[in-house]
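Have a look at my_file10.txt; it's compact mmCIF, C-alpha atoms and all ligand atoms:
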# COMPACT_ATOMS: atom_id res chain seq x y z
CA MET A 1 139.22 112.17 102.13
CA SER A 2 136.49 111.82 99.59
CA ILE A 3 132.83 112.54 99.85
CA THR A 4 130.17 110.40 98.24
CA THR A 5 126.67 111.78 98.15
CA ILE A 6 123.88 109.26 97.95
CA PRO A 7 120.73 110.95 96.70
CA ALA A 8 117.59 110.46 98.71
CA LYS A 9 115.06 108.09 97.28
CA THR A 10 111.36 108.67 97.77
CA ILE A 11 109.32 105.50 98.13
CA LYS A 12 105.59 106.03 97.91
CA THR A 13 103.17 103.33 98.99
CA CYS A 14 99.45 102.99 98.46
CA ASP A 15 97.58 103.83 101.65
CA ARG A 16 95.01 101.11 100.97
CA CYS A 17 96.92 98.04 99.70
CA LYS A 18 100.43 99.08 100.77
CA ALA A 19 101.86 98.37 97.29
CA VAL A 20 104.96 100.35 96.41
CA MET A 21 104.00 102.80 93.69
CA ASP A 22 106.68 102.61 91.06
CA GLY A 23 105.33 104.51 88.08
CA ARG A 24 103.63 101.47 86.57
CA ASN A 25 100.82 101.20 89.10
CA ASP A 26 100.35 104.89 89.89
CA ARG A 27 100.05 106.40 86.46
CA GLN A 28 96.97 108.36 87.54
CA GLU A 29 98.72 109.71 90.66
CA GLY A 30 95.50 109.08 92.57
CA ALA A 31 94.70 110.40 95.99
CA LEU A 32 91.64 110.86 98.14
CA LEU A 33 91.50 114.08 100.13
CA VAL A 34 88.96 114.29 102.93
CA LYS A 35 88.74 117.87 104.15
CA ALA A 36 87.36 118.60 107.59
CA HIS A 37 87.77 120.77 110.66
CA ALA A 38 88.13 119.19 114.06
CA LEU A 39 85.57 120.72 116.42
CA ASP A 40 86.04 121.60 120.05
CA MET A 41 83.49 120.79 122.76
CA HIS A 42 81.51 123.91 121.79
CA GLY A 43 81.37 122.98 118.12
CA HIS A 44 83.94 125.50 116.98
CA ALA A 45 86.65 124.56 114.51
CA CYS A 46 89.87 124.15 116.43
CA ALA A 47 92.18 122.20 114.13
CA ASP A 48 92.56 120.73 110.70
CA ALA A 49 91.23 117.17 110.61
CA SER A 50 91.81 116.66 106.88
CA ARG A 51 93.23 113.38 105.67
CA LYS A 52 94.93 112.45 102.41
CA PHE A 53 95.25 108.92 101.11
CA ASP A 54 97.64 108.14 98.25
CA LEU A 55 96.18 105.42 96.05
CA CYS A 56 97.59 103.14 93.38
CA ASP A 57 95.63 102.93 90.12
CA SER A 58 93.79 99.78 91.18
CA CYS A 59 92.75 101.15 94.56
CA LEU A 60 91.85 104.51 93.03
CA TYR A 61 89.36 102.72 90.80
CA THR A 62 87.92 100.73 93.72
CA VAL A 63 87.66 103.73 96.04
CA ALA A 64 86.11 105.91 93.33
CA LYS A 65 83.51 103.24 92.54
CA THR A 66 82.72 102.89 96.26
CA ILE A 67 82.28 106.64 96.66
CA ASP A 68 80.10 106.79 93.54
CA ALA A 69 77.88 104.01 94.90
CA ALA A 70 77.63 105.65 98.32
CA MET A 71 76.72 109.01 96.82
CA ALA A 72 74.14 107.45 94.48
CA SER A 73 72.47 105.41 97.22
CA HIS A 74 72.10 108.29 99.66
CA VAL A 75 68.47 109.03 100.46
CA PRO A 76 67.87 112.63 101.53
CA VAL A 77 66.47 112.87 105.09
CA GLN A 78 63.22 114.54 104.01
CA ASP A 79 62.49 111.75 101.47
CA ALA A 80 63.36 108.99 103.95
CA GLN A 81 60.80 110.27 106.47
CA SER A 82 57.86 110.50 104.06
ZN ZN A 101 96.55 100.19 96.25
Step by step, read the file and then write its structure as structure tokens.
Amino acid sequence: MSITTIPAKTIKTCDRCKAVMDGRNDRQEGALLVKAHALDMHGHACADASRKFDLCDSCLYTVAKTIDAAMASHVPVQDAQS
């Protein structure tokens, strides 16, 4: 009897475009982490509702630009009402 061990292989895919990240398209090791608590019906934190998205270099650029634009275009509530 002989034993052959086949090492596990980790395949990471981009959560946006589903491309397999192979070291050429994930050189920045990008990810988007959205931290949040899930709230119960009384408004108390009851669970972790955080989400993490692994992103290839191309999607990292696109998502970062989108977040930058959203943050820059936000009008504070007090200014919007005046
Ligand atoms: Zn991608």
Atom CA of Gly30 of chain A to atom CA of Lys18 of chain A: how many Å, to one decimal?
13.8 Å
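With all atoms listed in the file as the atoms that count, the set of residues no farther than 7 Å from ligand ZN 101 (chain A) is Cys14, Asp15, Arg16, Cys17, Lys18, Ala19, Leu55, Cys56, Asp57, Ser58 and Cys59 of chain A.
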Nearest candidate to Ser50 of chain A (options A:Lys35, A:Arg27, A:His74, A:Lys65; using all atoms listed in the file):
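When distances to Ser50 of chain A are compared using all atoms listed in the file, the smallest one comes from A:Lys35.
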Contact residues around Leu32 of chain A with all atoms listed in the file at 10 Å, ignoring same-chain residues under 4 positions, as a ChimeraX atom specification
/A:15,51-55,60,63-64
Measure the distance from atom CA of Val20 of chain A to atom CA of Ala36 of chain A in Å and round it to one decimal.
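About the pair atom CA of Val20 of chain A and atom CA of Ala36 of chain A: they are 27.7 Å apart.
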Point-to-point distance from atom CA of Gly23 of chain A to atom CA of Lys9 of chain A, Å rounded to tenths
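Spanning atom CA of Gly23 of chain A to atom CA of Lys9 of chain A is a straight-line distance of 13.9 Å.
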A:Tyr61, A:Asp48, A:Ile67, A:Gln78 ranked by distance to Asp26 of chain A, top pick (using all atoms listed in the file)
A:Tyr61
Polymer residues at most 8 Å from Ala38 of chain A, all atoms listed in the file, same-chain spacing of 3 or more positions, as a PyMOL selection string
chain A and resi 45-49
Could you give me, as an MDAnalysis selection string, the residues within 12 Å of Thr10 of chain A, counting only C-alpha atoms and dropping anything in the same chain fewer than 2 positions from it?
chainID A and resid 7:8 12:13 20:22
